[in-house]
Structure formats: C-alpha cells, structure tokens
Amino acid sequence: MTAVRLSQILFSQGFGSRRECAARVLTGRVSVAGRECDDPDETFDTEGLVFSVDGRDWPYHDKAIVLLHKPAGYECSIKPRHHPSVLSLLPSPLRVRGLQPVGRLDADTTGALLLTDDGTLIHRLTSPKHHVPKIYEVTCKHPVDERQLAALRAGVVLDDDPAPVRAAAAEATGGGPGTCTLRLTLTEGKYHQVKRMVAAVGNRVEALHRSAIGAVTLPTGLAPGQWCWIDRHTALA
Ligand code: URA
C-alpha cells in the first residue's frame with residue numbers, strides 16, 4: 001500500500017501546480033469514492049484509486065499510457081509547424097504530465113498512436129533491437145501485384161542506407177486481382193518508411209492507416225480523435 005496525500009496525488013496526475021492542486025481540494029472540487037474530500041493532506045492508497053475532479057473520474061496511473069486514434073491533419077510533434085499537435089487532442093492533465101508520442105506518424109497518416117510519460121516504455125517500443133511489429137493498412141495509387149509484395153518481403157534499398165529494409169509481412173487486401181490495398185508489417189521505424197518502401201517497388205501510397213503496435217490494436221469503437229487508457233502489460237505484450 002502506498003499512502004499519498006490527496007494534493008500530491010493531483011499534482012502527480014497533472015492537475016497543475018502544488019498550490020493549484022491544494023486549492024482544488026480546498027474548494028470542494030475533488031471526491032473519492034463518491035465522497036467530497038476537502039482536506040489536501042488526507043491520504044489515500046494509490047493502488048487502483050479512482051478520484052474525481054469537477055465530476056470527471058480519473059484513474060490513478062503511476063505512469064500514463066494512452067492509445068489515440070490519430071486523425072489526419074495532426075502532427076506528432078510537441079512543437080508542430082503546419083498542423084495542430086496530437087497533444088491538443090488530449091485533456092490538460094495528460095499534457096501537463098508530459099506525455100509524448102511513442103514514435104511518429106506523418107500528418108496525413110491515421111490510426112494507432114501510443115503516448116506515454118514512461119521513458120523506459122518509449123525506448124522499449126521504439127528501439128529497433130526489440131522488433132515491435134507495427135501493422136499498416138496501405139492504399140496505393142496502382143494495383144498491388146505479387147512482384148511488389150515479394151520485393152517488400154525480400155527487402156528494398158532506401159536512399160539513406162545501403163542495407164535493405166524488409167517488411168516482416170506484406171499481403172494484398174481487399175481481395176481479387178487489381179486491388180490497390182495492402183497490409184504491411186514493419187519492425188523498424190524509419191522516416192516515411194512505408195511511403196518510401198512502396199515507392200521503391202514502383203507504386204505510391206495514397207492513404208496510410210496504422211492498425212496495431214505490438215499487441216495493441218486500435219479498437220473499432222475508438223473514433224478518430226478519441227483516446228483510451230492502455231495498461232503497461234498490454235503495451236509490452
Ligand atoms: N511510414 C510512413 O511512411 N509514414 C508513417 O506515418 C508511418 C510509417
């Protein structure tokens with residue numbers, strides 16, 4: 001059991017400065033298990049704790065991990081240049097506690113994006129050593145043929161590295177000859193990797209969607225722009 005003061009709990013979860021957190025408690029805006037708590041020094045066991053601020057429930061997380069369904073038109077940068085940041089889609093406490101995207105998706109790419117304040121997890125999921133598979137649903141300009149799929153699996157050379165990059169899996173989707181869609185599984189995360197690999201086999205990416213990162217699959221009910229909590233165990237499975 002870890003007994004922590006309520007104002008410290010709020011502070012650790014991103015609810016502002018220590019002073020602001022104490023003020024939130026003192027003004028009756030925080031409750032635990034349906035009971036309003038107005039003493040900032042009251043302690044609670046953080047294990048499995050759910051508190052509520054201004055009527056919204058917040059589960060306590062030592063480290064926060066969320067899955068965002070990234071819409072098109074957002075940048076995965078903390079200092080975006082041309083579009084709003086994906087961070088603007090998260091509620092303030094998650095931004096305040098410093099969540100960062102795990103890897104990058106291009107502004108026009110949609111789909112699964114993990115964000116966390118757990119540096120060890122970011123390293124574990126992005127380091128090429130760990131070969132975490134990422135699944136991309138790709139819509140191409142031209143029909144996808146067996147020659148292109150075989151080349152993607154065998155490895156293609158990109159312009160910044162003489163060593164070929166291989167897709168762990170590449171299959172046409174959508175059924176039938178002439179389909180322009182394919183599913184690509186990559187275990188690295190090079191800059192514009194899907195677009196460059198598809199270009200290297202003579203096709204062109206028209207739309208790109210990431211459906212999974214390791215064991216984390218984008219749930220069908222999670223609409224573009226929405227997010228949900230992910231536990232560490234699932235993120236690392
Ligand atoms: N590969 C790309 O080309 N773009 C992405 O957003 C992700 C992988």
# chains A, B, ... in the order shown; residues from 1 in each chain; ligands from 1
>>> select_by_dssp(residues="region 13-205 of chain A", states="alpha helix (DSSP H)", output="JSON, numbers by chain")
{"A": [18, 19, 20, 21, 22, 23, 24, 25, 26, 92, 93, 94, 95, 96, 119, 120, 121, 122, 123, 124, 125, 126, 146, 147, 148, 149, 150, 151, 152, 153, 154, 193, 194, 195, 196, 197, 198, 199, 200]}
>>> write_last_selection(atoms="C-alpha atoms", output="PDB file, in the first residue's frame")
ATOM      1  CA  ARG A  18       1.067  22.138  -5.927  1.00  0.00           C
ATOM      2  CA  ARG A  19      -0.757  25.307  -4.904  1.00  0.00           C
ATOM      3  CA  GLU A  20      -3.453  24.829  -7.593  1.00  0.00           C
ATOM      4  CA  CYS A  21      -3.932  21.198  -6.564  1.00  0.00           C
ATOM      5  CA  ALA A  22      -4.378  22.119  -2.899  1.00  0.00           C
ATOM      6  CA  ALA A  23      -6.852  24.843  -3.931  1.00  0.00           C
ATOM      7  CA  ARG A  24      -8.893  22.363  -5.995  1.00  0.00           C
ATOM      8  CA  VAL A  25      -9.254  20.154  -2.940  1.00  0.00           C
ATOM      9  CA  LEU A  26      -9.996  23.012  -0.529  1.00  0.00           C
ATOM     10  CA  SER A  92      -4.962  19.052 -19.998  1.00  0.00           C
ATOM     11  CA  PRO A  93      -3.761  16.737 -17.143  1.00  0.00           C
ATOM     12  CA  LEU A  94      -2.199  14.363 -19.688  1.00  0.00           C
ATOM     13  CA  ARG A  95      -0.438  17.242 -21.433  1.00  0.00           C
ATOM     14  CA  VAL A  96       0.735  18.744 -18.148  1.00  0.00           C
ATOM     15  CA  GLY A 119      10.626   6.879 -20.902  1.00  0.00           C
ATOM     16  CA  THR A 120      11.553   3.216 -20.463  1.00  0.00           C
ATOM     17  CA  LEU A 121       8.450   2.162 -22.354  1.00  0.00           C
ATOM     18  CA  ILE A 122       9.173   4.616 -25.190  1.00  0.00           C
ATOM     19  CA  HIS A 123      12.646   3.119 -25.534  1.00  0.00           C
ATOM     20  CA  ARG A 124      11.345  -0.450 -25.357  1.00  0.00           C
ATOM     21  CA  LEU A 125       8.732   0.169 -28.077  1.00  0.00           C
ATOM     22  CA  THR A 126      10.875   2.221 -30.444  1.00  0.00           C
ATOM     23  CA  GLU A 146       2.807 -10.308 -56.383  1.00  0.00           C
ATOM     24  CA  ARG A 147       6.113  -8.920 -57.662  1.00  0.00           C
ATOM     25  CA  GLN A 148       5.743  -5.824 -55.447  1.00  0.00           C
ATOM     26  CA  LEU A 149       4.729  -7.904 -52.409  1.00  0.00           C
ATOM     27  CA  ALA A 150       7.668 -10.275 -52.881  1.00  0.00           C
ATOM     28  CA  ALA A 151      10.072  -7.318 -53.190  1.00  0.00           C
ATOM     29  CA  LEU A 152       8.701  -5.723 -49.994  1.00  0.00           C
ATOM     30  CA  ARG A 153       9.219  -9.021 -48.124  1.00  0.00           C
ATOM     31  CA  ALA A 154      12.669  -9.644 -49.632  1.00  0.00           C
ATOM     32  CA  GLN A 193       9.306   4.084 -44.168  1.00  0.00           C
ATOM     33  CA  VAL A 194       6.045   2.783 -45.664  1.00  0.00           C
ATOM     34  CA  LYS A 195       5.844   5.519 -48.293  1.00  0.00           C
ATOM     35  CA  ARG A 196       9.476   5.033 -49.283  1.00  0.00           C
ATOM     36  CA  MET A 197       9.265   1.239 -49.412  1.00  0.00           C
ATOM     37  CA  VAL A 198       6.119   1.329 -51.538  1.00  0.00           C
ATOM     38  CA  ALA A 199       7.740   3.907 -53.858  1.00  0.00           C
ATOM     39  CA  ALA A 200      10.821   1.671 -54.125  1.00  0.00           C
TER      40      ALA A 200
END
>>> residues_near_ligand(ligand="ligand 1", cutoff="10 Å", atoms="only C-alpha atoms and all ligand atoms", output="ChimeraX atom specification")
/A:75-76,103-111,134-136,138,184,186,188-199,205,207-210
>>> closest_residue(among="A:Arg204, A:Lys63, A:His131, A:Arg183", to="Arg97 (chain A)", atoms="only C-alpha atoms")
A:Lys63
>>> residues_around(residues="Ser12 (chain A)", least_positions_apart="4", cutoff="9 Å", atoms="only C-alpha atoms", output="list in words")
Ser7, Gln8, Gly16, Asp62 and Arg97 of chain A
>>> residues_around(residues="Leu115 (chain A)", least_positions_apart="4", cutoff="10 Å", atoms="only C-alpha atoms", output="list of chain:residue names")
A:Ala64, A:Ile65, A:Val66, A:Leu67, A:Leu68, A:Cys76, A:Val86, A:Leu87, A:Leu90, A:Leu94, A:Gly98, A:Leu99, A:Gln100, A:Pro101, A:Val102, A:Gly103, A:Leu121, A:Ile122, A:Trp227, A:Trp229, A:Ile230
>>> write_last_selection(atoms="C-alpha atoms", output="PDB file, in the first residue's frame")
ATOM      1  CA  ALA A  64       0.262   7.135 -18.044  1.00  0.00           C
ATOM      2  CA  ILE A  65      -0.091   5.182 -21.302  1.00  0.00           C
ATOM      3  CA  VAL A  66      -2.853   6.074 -23.736  1.00  0.00           C
ATOM      4  CA  LEU A  67      -3.834   4.956 -27.211  1.00  0.00           C
ATOM      5  CA  LEU A  68      -5.002   7.740 -29.513  1.00  0.00           C
ATOM      6  CA  CYS A  76       3.185  14.060 -33.763  1.00  0.00           C
ATOM      7  CA  VAL A  86      -1.730  15.361 -31.484  1.00  0.00           C
ATOM      8  CA  LEU A  87      -1.249  16.507 -27.881  1.00  0.00           C
ATOM      9  CA  LEU A  90      -5.621  15.002 -25.021  1.00  0.00           C
ATOM     10  CA  LEU A  94      -2.199  14.363 -19.688  1.00  0.00           C
ATOM     11  CA  GLY A  98       4.336  15.423 -20.224  1.00  0.00           C
ATOM     12  CA  LEU A  99       3.008  12.590 -22.366  1.00  0.00           C
ATOM     13  CA  GLN A 100       4.957  12.112 -25.585  1.00  0.00           C
ATOM     14  CA  PRO A 101       4.122  10.184 -28.745  1.00  0.00           C
ATOM     15  CA  VAL A 102       5.822   6.783 -28.998  1.00  0.00           C
ATOM     16  CA  GLY A 103       7.419   7.230 -32.416  1.00  0.00           C
ATOM     17  CA  LEU A 121       8.450   2.162 -22.354  1.00  0.00           C
ATOM     18  CA  ILE A 122       9.173   4.616 -25.190  1.00  0.00           C
ATOM     19  CA  TRP A 227      -8.202   8.068 -26.811  1.00  0.00           C
ATOM     20  CA  TRP A 229      -6.073   4.120 -21.324  1.00  0.00           C
ATOM     21  CA  ILE A 230      -3.744   1.176 -22.023  1.00  0.00           C
TER      22      ILE A 230
END
